[in-house]
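Chemist: PDB, C-alpha atoms, pLDDT in the B column, saved as target05.pdb, coming up:
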ATOM      1  CA  MET C   1      77.355-157.133 -75.017  1.00 46.00           C
ATOM      2  CA  ARG C   2      73.676-156.251 -75.435  1.00 44.00           C
ATOM      3  CA  LYS C   3      73.860-153.964 -72.393  1.00 41.00           C
ATOM      4  CA  LEU C   4      76.874-152.184 -73.833  1.00 39.00           C
ATOM      5  CA  ARG C   5      75.072-151.641 -77.141  1.00 43.00           C
ATOM      6  CA  ILE C   6      72.065-150.186 -75.308  1.00 40.00           C
ATOM      7  CA  VAL C   7      74.305-147.825 -73.335  1.00 41.00           C
ATOM      8  CA  ALA C   8      76.089-146.776 -76.522  1.00 43.00           C
ATOM      9  CA  LEU C   9      72.768-146.201 -78.296  1.00 42.00           C
ATOM     10  CA  ALA C  10      71.475-144.131 -75.377  1.00 43.00           C
ATOM     11  CA  SER C  11      74.629-142.004 -75.427  1.00 45.00           C
ATOM     12  CA  SER C  12      74.286-141.430 -79.168  1.00 45.00           C
ATOM     13  CA  LEU C  13      70.654-140.428 -78.814  1.00 42.00           C
ATOM     14  CA  ALA C  14      71.544-138.014 -76.015  1.00 42.00           C
ATOM     15  CA  LEU C  15      74.226-136.444 -78.202  1.00 41.00           C
ATOM     16  CA  ILE C  16      71.824-136.087 -81.128  1.00 42.00           C
ATOM     17  CA  ALA C  17      69.205-134.565 -78.831  1.00 41.00           C
ATOM     18  CA  GLY C  18      71.773-132.128 -77.511  1.00 41.00           C
ATOM     19  CA  MET C  19      72.769-131.149 -81.038  1.00 40.00           C
ATOM     20  CA  ALA C  20      69.129-130.712 -82.013  1.00 39.00           C
ATOM     21  CA  SER C  21      68.501-128.407 -79.062  1.00 54.00           C
ATOM     22  CA  ALA C  22      71.469-126.165 -79.877  1.00 74.00           C
ATOM     23  CA  GLU C  23      70.410-122.644 -80.851  1.00 95.00           C
ATOM     24  CA  ASP C  24      71.955-120.322 -83.424  1.00 98.00           C
ATOM     25  CA  ILE C  25      71.938-116.559 -82.910  1.00 98.00           C
ATOM     26  CA  LYS C  26      73.532-113.557 -84.569  1.00 98.00           C
ATOM     27  CA  VAL C  27      75.137-110.961 -82.318  1.00 98.00           C
ATOM     28  CA  GLY C  28      76.166-107.558 -83.665  1.00 98.00           C
ATOM     29  CA  VAL C  29      79.326-105.958 -82.299  1.00 98.00           C
ATOM     30  CA  SER C  30      81.503-102.974 -83.109  1.00 95.00           C
ATOM     31  CA  VAL C  31      85.006-103.703 -84.345  1.00 93.00           C
ATOM     32  CA  GLY C  32      87.774-103.850 -81.766  1.00 91.00           C
ATOM     33  CA  GLU C  33      87.442-105.082 -78.220  1.00 93.00           C
ATOM     34  CA  HIS C  34      83.710-105.813 -78.464  1.00 96.00           C
ATOM     35  CA  ALA C  35      84.326-108.195 -81.369  1.00 97.00           C
ATOM     36  CA  GLU C  36      87.407-109.732 -79.745  1.00 97.00           C
ATOM     37  CA  ILE C  37      85.620-110.389 -76.461  1.00 98.00           C
ATOM     38  CA  MET C  38      82.541-111.808 -78.188  1.00 98.00           C
ATOM     39  CA  GLU C  39      84.784-114.385 -79.880  1.00 98.00           C
ATOM     40  CA  GLN C  40      85.715-115.632 -76.410  1.00 98.00           C
ATOM     41  CA  VAL C  41      82.071-115.530 -75.313  1.00 98.00           C
ATOM     42  CA  ALA C  42      81.159-117.662 -78.321  1.00 98.00           C
ATOM     43  CA  LYS C  43      83.598-120.372 -77.212  1.00 98.00           C
ATOM     44  CA  VAL C  44      81.979-120.551 -73.778  1.00 98.00           C
ATOM     45  CA  ALA C  45      78.451-120.378 -75.201  1.00 98.00           C
ATOM     46  CA  LYS C  46      79.101-123.221 -77.637  1.00 98.00           C
ATOM     47  CA  GLU C  47      79.736-125.557 -74.709  1.00 98.00           C
ATOM     48  CA  LYS C  48      76.311-124.526 -73.387  1.00 98.00           C
ATOM     49  CA  GLY C  49      74.562-125.325 -76.674  1.00 98.00           C
ATOM     50  CA  LEU C  50      74.444-121.780 -78.049  1.00 98.00           C
ATOM     51  CA  ASN C  51      76.109-121.039 -81.400  1.00 98.00           C
ATOM     52  CA  ILE C  52      76.960-117.363 -81.868  1.00 98.00           C
ATOM     53  CA  ASP C  53      77.480-115.872 -85.322  1.00 98.00           C
ATOM     54  CA  ILE C  54      79.366-112.614 -84.757  1.00 98.00           C
ATOM     55  CA  VAL C  55      78.501-109.739 -87.108  1.00 98.00           C
ATOM     56  CA  GLU C  56      80.873-106.739 -87.020  1.00 98.00           C
ATOM     57  CA  PHE C  57      79.812-103.141 -87.640  1.00 96.00           C
ATOM     58  CA  THR C  58      81.927-100.044 -88.151  1.00 92.00           C
ATOM     59  CA  ASP C  59      79.470 -97.492 -86.772  1.00 89.00           C
ATOM     60  CA  TYR C  60      77.086 -96.993 -83.860  1.00 89.00           C
ATOM     61  CA  VAL C  61      73.844 -96.565 -85.829  1.00 88.00           C
ATOM     62  CA  VAL C  62      73.289 -99.737 -87.857  1.00 96.00           C
ATOM     63  CA  PRO C  63      73.571-102.370 -85.061  1.00 98.00           C
ATOM     64  CA  ASN C  64      70.435-101.179 -83.260  1.00 98.00           C
ATOM     65  CA  GLN C  65      68.468-100.847 -86.490  1.00 98.00           C
ATOM     66  CA  ALA C  66      69.539-104.360 -87.525  1.00 98.00           C
ATOM     67  CA  LEU C  67      68.514-105.732 -84.144  1.00 98.00           C
ATOM     68  CA  ASN C  68      65.175-103.968 -84.157  1.00 98.00           C
ATOM     69  CA  ASP C  69      64.514-105.255 -87.711  1.00 98.00           C
ATOM     70  CA  GLY C  70      65.213-108.844 -86.675  1.00 98.00           C
ATOM     71  CA  ASP C  71      68.464-109.259 -88.625  1.00 98.00           C
ATOM     72  CA  LEU C  72      70.248-109.851 -85.294  1.00 98.00           C
ATOM     73  CA  GLN C  73      69.150-111.486 -82.061  1.00 98.00           C
ATOM     74  CA  ALA C  74      71.403-109.324 -79.844  1.00 98.00           C
ATOM     75  CA  ASN C  75      74.108-106.696 -79.974  1.00 98.00           C
ATOM     76  CA  SER C  76      77.021-105.697 -77.763  1.00 98.00           C
ATOM     77  CA  PHE C  77      78.624-102.332 -78.479  1.00 96.00           C
ATOM     78  CA  GLN C  78      76.883 -99.531 -76.570  1.00 95.00           C
ATOM     79  CA  HIS C  79      76.265 -98.094 -73.123  1.00 93.00           C
ATOM     80  CA  GLN C  80      72.873 -97.465 -71.537  1.00 94.00           C
ATOM     81  CA  PRO C  81      72.700 -93.690 -72.178  1.00 92.00           C
ATOM     82  CA  TYR C  82      73.283 -94.306 -75.899  1.00 93.00           C
ATOM     83  CA  LEU C  83      70.595 -96.995 -76.019  1.00 96.00           C
ATOM     84  CA  ASP C  84      68.165 -94.707 -74.177  1.00 95.00           C
ATOM     85  CA  GLN C  85      68.785 -91.942 -76.716  1.00 92.00           C
ATOM     86  CA  GLN C  86      68.348 -94.335 -79.652  1.00 95.00           C
ATOM     87  CA  ILE C  87      65.037 -95.578 -78.246  1.00 97.00           C
ATOM     88  CA  LYS C  88      63.878 -91.997 -77.759  1.00 95.00           C
ATOM     89  CA  ASP C  89      64.944 -90.877 -81.236  1.00 94.00           C
ATOM     90  CA  ARG C  90      64.043 -93.958 -83.271  1.00 96.00           C
ATOM     91  CA  GLY C  91      61.350 -95.739 -81.294  1.00 97.00           C
ATOM     92  CA  PHE C  92      63.223 -99.036 -81.030  1.00 98.00           C
ATOM     93  CA  ASP C  93      61.710-101.762 -78.844  1.00 98.00           C
ATOM     94  CA  LEU C  94      65.020-102.839 -77.332  1.00 98.00           C
ATOM     95  CA  VAL C  95      66.189-103.603 -73.788  1.00 98.00           C
ATOM     96  CA  SER C  96      69.422-104.289 -71.916  1.00 98.00           C
ATOM     97  CA  ILE C  97      69.832-107.755 -70.383  1.00 98.00           C
ATOM     98  CA  GLY C  98      73.309-107.529 -68.864  1.00 98.00           C
ATOM     99  CA  LYS C  99      76.428-105.409 -68.421  1.00 96.00           C
ATOM    100  CA  THR C 100      79.646-106.161 -70.305  1.00 97.00           C
ATOM    101  CA  ILE C 101      82.632-103.822 -70.048  1.00 95.00           C
ATOM    102  CA  THR C 102      83.578-100.278 -69.216  1.00 91.00           C
ATOM    103  CA  THR C 103      85.876 -98.496 -71.654  1.00 86.00           C
ATOM    104  CA  PRO C 104      87.044 -95.128 -70.314  1.00 87.00           C
ATOM    105  CA  MET C 105      86.929 -92.366 -72.933  1.00 94.00           C
ATOM    106  CA  GLY C 106      90.240 -90.620 -73.485  1.00 96.00           C
ATOM    107  CA  VAL C 107      91.670 -87.384 -74.866  1.00 98.00           C
ATOM    108  CA  TYR C 108      94.393 -87.913 -77.474  1.00 98.00           C
ATOM    109  CA  SER C 109      96.744 -85.632 -79.377  1.00 98.00           C
ATOM    110  CA  GLN C 110      99.540 -85.839 -81.919  1.00 97.00           C
ATOM    111  CA  LYS C 111     100.628 -82.299 -81.084  1.00 96.00           C
ATOM    112  CA  LEU C 112     100.346 -81.910 -77.322  1.00 97.00           C
ATOM    113  CA  LYS C 113     101.704 -83.789 -74.338  1.00 96.00           C
ATOM    114  CA  SER C 114      99.220 -82.375 -71.834  1.00 96.00           C
ATOM    115  CA  LEU C 115      95.990 -80.410 -71.751  1.00 97.00           C
ATOM    116  CA  ASP C 116      97.928 -77.465 -70.314  1.00 96.00           C
ATOM    117  CA  GLU C 117      99.485 -76.995 -73.777  1.00 97.00           C
ATOM    118  CA  LEU C 118      96.106 -76.570 -75.480  1.00 97.00           C
ATOM    119  CA  PRO C 119      96.327 -73.239 -77.344  1.00 97.00           C
ATOM    120  CA  GLU C 120      93.847 -70.369 -77.521  1.00 98.00           C
ATOM    121  CA  GLY C 121      91.241 -71.281 -80.123  1.00 98.00           C
ATOM    122  CA  GLY C 122      92.373 -74.909 -80.143  1.00 98.00           C
ATOM    123  CA  LYS C 123      90.442 -77.420 -82.236  1.00 98.00           C
ATOM    124  CA  VAL C 124      88.690 -80.180 -80.282  1.00 98.00           C
ATOM    125  CA  ALA C 125      87.246 -83.162 -82.174  1.00 98.00           C
ATOM    126  CA  LEU C 126      84.201 -84.806 -80.550  1.00 97.00           C
ATOM    127  CA  PRO C 127      81.796 -87.634 -81.433  1.00 97.00           C
ATOM    128  CA  ASN C 128      78.749 -86.251 -83.237  1.00 96.00           C
ATOM    129  CA  ASP C 129      76.126 -88.508 -81.626  1.00 91.00           C
ATOM    130  CA  PRO C 130      74.299 -86.988 -78.626  1.00 89.00           C
ATOM    131  CA  THR C 131      75.387 -89.405 -75.898  1.00 89.00           C
ATOM    132  CA  ASN C 132      79.049 -89.827 -76.796  1.00 93.00           C
ATOM    133  CA  GLY C 133      79.356 -86.165 -77.705  1.00 96.00           C
ATOM    134  CA  GLY C 134      77.847 -85.283 -74.343  1.00 95.00           C
ATOM    135  CA  ARG C 135      80.164 -87.735 -72.633  1.00 95.00           C
ATOM    136  CA  ALA C 136      83.163 -86.042 -74.282  1.00 97.00           C
ATOM    137  CA  LEU C 137      82.016 -82.588 -73.144  1.00 97.00           C
ATOM    138  CA  LEU C 138      81.533 -83.853 -69.593  1.00 96.00           C
ATOM    139  CA  LEU C 139      85.104 -85.167 -69.675  1.00 96.00           C
ATOM    140  CA  LEU C 140      86.384 -81.776 -70.833  1.00 98.00           C
ATOM    141  CA  GLN C 141      84.435 -80.147 -68.013  1.00 97.00           C
ATOM    142  CA  GLU C 142      85.877 -82.655 -65.543  1.00 95.00           C
ATOM    143  CA  LYS C 143      89.362 -81.597 -66.684  1.00 96.00           C
ATOM    144  CA  GLY C 144      88.567 -77.906 -66.183  1.00 97.00           C
ATOM    145  CA  LEU C 145      88.579 -76.820 -69.838  1.00 98.00           C
ATOM    146  CA  ILE C 146      84.924 -75.772 -70.076  1.00 98.00           C
ATOM    147  CA  LYS C 147      81.784 -75.367 -68.002  1.00 98.00           C
ATOM    148  CA  LEU C 148      78.366 -76.626 -69.023  1.00 98.00           C
ATOM    149  CA  ALA C 149      74.897 -75.287 -68.267  1.00 97.00           C
ATOM    150  CA  GLU C 150      73.154 -76.775 -65.267  1.00 93.00           C
ATOM    151  CA  GLY C 151      70.571 -79.457 -65.929  1.00 91.00           C
ATOM    152  CA  THR C 152      71.955 -80.810 -69.197  1.00 90.00           C
ATOM    153  CA  GLY C 153      72.408 -84.284 -67.693  1.00 91.00           C
ATOM    154  CA  LEU C 154      74.405 -86.798 -69.717  1.00 91.00           C
ATOM    155  CA  THR C 155      73.699 -85.283 -73.125  1.00 90.00           C
ATOM    156  CA  PRO C 156      75.055 -81.726 -73.297  1.00 95.00           C
ATOM    157  CA  THR C 157      75.996 -80.275 -76.682  1.00 96.00           C
ATOM    158  CA  PRO C 158      78.487 -77.522 -77.592  1.00 97.00           C
ATOM    159  CA  LEU C 159      75.526 -75.120 -77.346  1.00 97.00           C
ATOM    160  CA  ASP C 160      75.418 -75.870 -73.600  1.00 97.00           C
ATOM    161  CA  VAL C 161      78.984 -74.623 -73.015  1.00 98.00           C
ATOM    162  CA  THR C 162      78.673 -71.576 -70.753  1.00 98.00           C
ATOM    163  CA  GLU C 163      82.373 -70.991 -70.049  1.00 98.00           C
ATOM    164  CA  ASN C 164      85.154 -71.573 -72.575  1.00 98.00           C
ATOM    165  CA  ALA C 165      88.233 -69.715 -71.346  1.00 96.00           C
ATOM    166  CA  LYS C 166      90.440 -70.820 -74.251  1.00 97.00           C
ATOM    167  CA  ASN C 167      87.751 -70.244 -76.885  1.00 98.00           C
ATOM    168  CA  LEU C 168      88.017 -73.844 -78.026  1.00 98.00           C
ATOM    169  CA  LYS C 169      86.505 -74.774 -81.400  1.00 98.00           C
ATOM    170  CA  PHE C 170      84.468 -77.998 -81.429  1.00 98.00           C
ATOM    171  CA  LEU C 171      84.541 -80.283 -84.459  1.00 98.00           C
ATOM    172  CA  GLU C 172      81.726 -82.840 -84.319  1.00 98.00           C
ATOM    173  CA  LEU C 173      82.587 -85.979 -86.308  1.00 97.00           C
ATOM    174  CA  ASP C 174      81.463 -89.572 -86.639  1.00 95.00           C
ATOM    175  CA  ALA C 175      83.013 -91.472 -83.732  1.00 94.00           C
ATOM    176  CA  ALA C 176      84.826 -93.903 -86.047  1.00 93.00           C
ATOM    177  CA  GLN C 177      86.584 -91.006 -87.824  1.00 96.00           C
ATOM    178  CA  LEU C 178      88.025 -89.381 -84.703  1.00 97.00           C
ATOM    179  CA  PRO C 179      91.451 -91.101 -84.757  1.00 97.00           C
ATOM    180  CA  ARG C 180      91.975 -89.688 -88.267  1.00 97.00           C
ATOM    181  CA  ALA C 181      91.090 -86.217 -87.005  1.00 97.00           C
ATOM    182  CA  LEU C 182      94.215 -86.187 -84.836  1.00 97.00           C
ATOM    183  CA  ALA C 183      96.187 -84.946 -87.844  1.00 96.00           C
ATOM    184  CA  ASP C 184      94.111 -81.755 -87.992  1.00 96.00           C
ATOM    185  CA  ALA C 185      92.692 -81.183 -84.490  1.00 98.00           C
ATOM    186  CA  ASP C 186      94.709 -80.225 -81.438  1.00 98.00           C
ATOM    187  CA  ILE C 187      92.940 -82.914 -79.407  1.00 98.00           C
ATOM    188  CA  ALA C 188      90.316 -85.559 -80.063  1.00 98.00           C
ATOM    189  CA  VAL C 189      88.067 -87.219 -77.489  1.00 98.00           C
ATOM    190  CA  ILE C 190      87.832 -90.845 -78.614  1.00 97.00           C
ATOM    191  CA  ASN C 191      85.874 -93.899 -77.479  1.00 92.00           C
ATOM    192  CA  THR C 192      88.172 -96.720 -76.402  1.00 89.00           C
ATOM    193  CA  ASN C 193      87.087 -99.195 -79.082  1.00 87.00           C
ATOM    194  CA  TYR C 194      88.046 -96.802 -81.869  1.00 92.00           C
ATOM    195  CA  ALA C 195      91.225 -95.773 -80.055  1.00 93.00           C
ATOM    196  CA  LEU C 196      92.343 -99.397 -79.739  1.00 89.00           C
ATOM    197  CA  GLU C 197      91.464-100.083 -83.361  1.00 90.00           C
ATOM    198  CA  ALA C 198      93.742 -97.185 -84.357  1.00 94.00           C
ATOM    199  CA  GLY C 199      96.599 -98.544 -82.248  1.00 93.00           C
ATOM    200  CA  LEU C 200      96.122 -96.101 -79.369  1.00 94.00           C
ATOM    201  CA  ASN C 201      96.370 -97.405 -75.803  1.00 88.00           C
ATOM    202  CA  PRO C 202      94.183 -95.417 -73.372  1.00 89.00           C
ATOM    203  CA  GLU C 203      96.575 -95.958 -70.468  1.00 85.00           C
ATOM    204  CA  LYS C 204      99.734 -95.016 -72.367  1.00 90.00           C
ATOM    205  CA  ASP C 205      98.643 -92.635 -75.112  1.00 95.00           C
ATOM    206  CA  ALA C 206      95.752 -90.612 -73.676  1.00 96.00           C
ATOM    207  CA  ILE C 207      96.747 -87.229 -72.250  1.00 97.00           C
ATOM    208  CA  ALA C 208      93.565 -87.307 -70.146  1.00 96.00           C
ATOM    209  CA  ILE C 209      91.103 -90.065 -69.364  1.00 93.00           C
ATOM    210  CA  GLU C 210      87.649 -90.468 -67.883  1.00 91.00           C
ATOM    211  CA  ALA C 211      87.314 -91.244 -64.189  1.00 82.00           C
ATOM    212  CA  ALA C 212      86.616 -94.877 -63.296  1.00 70.00           C
ATOM    213  CA  GLU C 213      83.267 -93.941 -61.688  1.00 73.00           C
ATOM    214  CA  SER C 214      81.336 -93.666 -64.940  1.00 77.00           C
ATOM    215  CA  PRO C 215      77.686 -94.346 -65.865  1.00 86.00           C
ATOM    216  CA  TYR C 216      78.846 -95.632 -69.240  1.00 89.00           C
ATOM    217  CA  ALA C 217      79.094 -99.386 -68.677  1.00 92.00           C
ATOM    218  CA  ASN C 218      78.432-101.232 -71.930  1.00 95.00           C
ATOM    219  CA  ILE C 219      75.535-103.658 -72.238  1.00 97.00           C
ATOM    220  CA  ILE C 220      74.081-106.630 -74.121  1.00 98.00           C
ATOM    221  CA  VAL C 221      70.868-105.612 -75.873  1.00 98.00           C
ATOM    222  CA  VAL C 222      67.995-107.673 -77.295  1.00 98.00           C
ATOM    223  CA  ARG C 223      64.462-107.033 -78.514  1.00 98.00           C
ATOM    224  CA  SER C 224      62.057-106.678 -75.597  1.00 98.00           C
ATOM    225  CA  ALA C 225      60.201-109.833 -76.645  1.00 98.00           C
ATOM    226  CA  ASP C 226      63.404-111.872 -76.241  1.00 98.00           C
ATOM    227  CA  LYS C 227      64.568-110.604 -72.856  1.00 98.00           C
ATOM    228  CA  ASP C 228      63.497-113.773 -71.023  1.00 98.00           C
ATOM    229  CA  ALA C 229      64.505-116.254 -73.734  1.00 98.00           C
ATOM    230  CA  ASP C 230      66.725-119.138 -72.645  1.00 98.00           C
ATOM    231  CA  TRP C 231      69.356-118.226 -75.240  1.00 98.00           C
ATOM    232  CA  ALA C 232      69.461-114.671 -73.879  1.00 98.00           C
ATOM    233  CA  LYS C 233      70.190-115.983 -70.401  1.00 98.00           C
ATOM    234  CA  THR C 234      72.885-118.285 -71.803  1.00 98.00           C
ATOM    235  CA  LEU C 235      74.455-115.378 -73.676  1.00 98.00           C
ATOM    236  CA  VAL C 236      74.738-113.309 -70.487  1.00 98.00           C
ATOM    237  CA  GLU C 237      75.988-116.282 -68.439  1.00 98.00           C
ATOM    238  CA  SER C 238      78.648-116.973 -71.059  1.00 98.00           C
ATOM    239  CA  TYR C 239      79.766-113.338 -71.103  1.00 98.00           C
ATOM    240  CA  HIS C 240      79.965-113.260 -67.307  1.00 98.00           C
ATOM    241  CA  SER C 241      82.012-116.449 -67.150  1.00 98.00           C
ATOM    242  CA  PRO C 242      85.389-116.590 -65.351  1.00 98.00           C
ATOM    243  CA  GLU C 243      87.080-117.429 -68.657  1.00 98.00           C
ATOM    244  CA  VAL C 244      85.873-114.251 -70.355  1.00 98.00           C
ATOM    245  CA  LYS C 245      86.687-112.074 -67.342  1.00 97.00           C
ATOM    246  CA  LYS C 246      90.244-113.426 -67.255  1.00 97.00           C
ATOM    247  CA  TYR C 247      90.618-112.820 -70.999  1.00 98.00           C
ATOM    248  CA  ILE C 248      89.578-109.172 -70.599  1.00 96.00           C
ATOM    249  CA  GLU C 249      91.891-108.561 -67.659  1.00 94.00           C
ATOM    250  CA  ASP C 250      94.871-110.282 -69.286  1.00 95.00           C
ATOM    251  CA  LYS C 251      94.503-108.781 -72.766  1.00 94.00           C
ATOM    252  CA  TYR C 252      93.565-105.181 -72.012  1.00 91.00           C
ATOM    253  CA  THR C 253      95.409-104.647 -68.699  1.00 85.00           C
ATOM    254  CA  GLY C 254      93.038-101.964 -67.439  1.00 82.00           C
ATOM    255  CA  ALA C 255      92.180-100.263 -70.740  1.00 84.00           C
ATOM    256  CA  VAL C 256      88.963-102.305 -70.779  1.00 90.00           C
ATOM    257  CA  ILE C 257      87.347-103.292 -67.476  1.00 89.00           C
ATOM    258  CA  PRO C 258      84.721-106.007 -66.734  1.00 94.00           C
ATOM    259  CA  ALA C 259      81.555-104.210 -65.576  1.00 93.00           C
ATOM    260  CA  TRP C 260      79.801-107.103 -63.839  1.00 93.00           C
TER     261      TRP C 260
END
Turn the structure described in the file into structure tokens.

Modeler:
Amino acid sequence: MRKLRIVALASSLALIAGMASAEDIKVGVSVGEHAEIMEQVAKVAKEKGLNIDIVEFTDYVVPNQALNDGDLQANSFQHQPYLDQQIKDRGFDLVSIGKTITTPMGVYSQKLKSLDELPEGGKVALPNDPTNGGRALLLLQEKGLIKLAEGTGLTPTPLDVTENAKNLKFLELDAAQLPRALADADIAVINTNYALEAGLNPEKDAIAIEAAESPYANIIVVRSADKDADWAKTLVESYHSPEVKKYIEDKYTGAVIPAW
């Protein structure tokens, strides 16, 4: 009996120690698939002793500022070119610690069934931030609608358009507002998270979509000082788990693709 009590006491102490060593972090995400996937990540992470408080944002600007200010420990909503531009523009001390998903950008329309129907002087709604706006222009170039100046890299602007056979008019809007612009524009180039949030399926509803070979894989980002923290490693391991990969493949059926 005494031996059993000792074993039971040891088990209780081990459980208490495990609970004491659990860590709590806040992770910022954009609404839509990033938030939905992080909920699954949190389930896996909890079993590893990491408690994730998910904080949702409706734009692309605040999550990096909140992370840099220490209000978050990590965020998951952006691709590397966007992070690079934010660091350049705002001086953030942030770094990527792992890839998450790829969400191909699509062209959507309530008026047209194909890009061939795009009229002379058609209105094209684009994201107004440099990296996603540039990404949208590169997609339009890929589809043969425009040509861009050489050397603009991943961040061209409408000023870099050198050939515009249909004299398209570019409307630069906040990325979250683009689905609403479909009522006024002929086409809108929309990030997948905002398309899904608006009930648009990239595979079924887009009249054109980005090629799979894209440099725009999304990433988990932390402050540089935290890049080697144990909780950061656990966060990435949890995201890259078989359970999360299966969830992504089953739920999004190709509209969102694991990037690891």

Chemist: Determine the residue set returned by the PyMOL selection byres ((chain C and resi 54) around 7) for the present structure, and present it as a list in words.

Modeler: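 So the PyMOL selection byres ((chain C and resi 54) around 7) ends up selecting Lys26, Val27, Gly28, Ile52, Asp53, Val55 and Glu56 of chain C.
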
Chemist: Tell me which protein, DNA and RNA residues are within 8 Å of region 189-198 of chain C, counting all atoms listed in the file, leaving out same-chain ones fewer than 4 positions away, and put them as number ranges by chain.

Modeler: C: 30-34, 103-108, 124-127, 132, 136, 175-176, 178-179, 202, 255-256

Chemist: So, with all atoms listed in the file as the atoms that count, which of C:Thr100, C:Gln110, C:Gln86, C:Thr253 lies closest to Asp205 (chain C)?

Modeler: C:Gln110

Chemist: Report the distance between CA of Gln80 (chain C) and CA of Glu142 (chain C) in Å, rounded to one decimal place.

Modeler: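 If I compute the distance from CA of Gln80 (chain C) to CA of Glu142 (chain C), I get 20.6 Å.
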
Chemist: If I take CA of Arg90 (chain C) and CA of Asp59 (chain C), how far is one from the other in Å, to one decimal?

Modeler: 16.2 Å

Chemist: Rounded to one decimal in Å, what is the spacing between CA of Gln141 (chain C) and CA of Leu200 (chain C)?

Modeler: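 Answer for the CA of Gln141 (chain C) to CA of Leu200 (chain C) separation: 22.8 Å.
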
Chemist: I need the residue nearest Leu159 (chain C) from this list: C:Val44, C:Leu94, C:Ile146, C:Ala225. Use all atoms listed in the file for the distance.

Modeler: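 Nearest candidate to Leu159 (chain C) out of C:Val44, C:Leu94, C:Ile146, C:Ala225: C:Ile146.
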
Chemist: Pick out the residues sitting within 10 Å of region 165-168 of chain C, and hand them over as a PDB file with C-alpha atoms, in the frame of the given file; count only C-alpha atoms, and ignore anything fewer than 3 positions along from it in its own chain.

Modeler:
ATOM      1  CA  LEU C 118      96.106 -76.570 -75.480  1.00 97.00           C
ATOM      2  CA  PRO C 119      96.327 -73.239 -77.344  1.00 97.00           C
ATOM      3  CA  GLU C 120      93.847 -70.369 -77.521  1.00 98.00           C
ATOM      4  CA  GLY C 121      91.241 -71.281 -80.123  1.00 98.00           C
ATOM      5  CA  GLY C 122      92.373 -74.909 -80.143  1.00 98.00           C
ATOM      6  CA  LYS C 123      90.442 -77.420 -82.236  1.00 98.00           C
ATOM      7  CA  VAL C 124      88.690 -80.180 -80.282  1.00 98.00           C
ATOM      8  CA  GLY C 144      88.567 -77.906 -66.183  1.00 97.00           C
ATOM      9  CA  LEU C 145      88.579 -76.820 -69.838  1.00 98.00           C
ATOM     10  CA  ILE C 146      84.924 -75.772 -70.076  1.00 98.00           C
ATOM     11  CA  LYS C 147      81.784 -75.367 -68.002  1.00 98.00           C
ATOM     12  CA  THR C 162      78.673 -71.576 -70.753  1.00 98.00           C
ATOM     13  CA  LEU C 171      84.541 -80.283 -84.459  1.00 98.00           C
ATOM     14  CA  ASP C 186      94.709 -80.225 -81.438  1.00 98.00           C
TER      15      ASP C 186
END

Chemist: Between C:Ile97, C:Val62, C:Ile37, C:Ala181, which residue has the minimum interatomic distance to Ile257 (chain C), considering all atoms listed in the file?

Modeler: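 Under the stated criterion, the closest residue is C:Ile37.
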
Chemist: Could you give me the centre and size, in Å to one decimal, of an axis-aligned box around all listed atoms of region 201-212 of chain C with 5 Å added on every side, as AutoDock Vina command-line options?

Modeler:
--center_x 93.2 --center_y -92.3 --center_z -69.5 --size_x 23.1 --size_y 20.2 --size_z 22.5

Chemist: Identify, on the basis of all atoms listed in the file, every residue whose closest approach to Leu148 (chain C) does not exceed 10 Å; exclude the query and any residue fewer than 6 positions from it along the same chain; express the result as a PyMOL selection string.

Modeler: chain C and resi 137-138+140-141+156-164

Chemist: Could you tell me which of C:Met38, C:Ala217, C:Ala232, C:Leu173 comes closest to Ser76 (chain C) if we count all atoms listed in the file?

Modeler: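 With all atoms listed in the file as the atom set, the closest residue is C:Met38.
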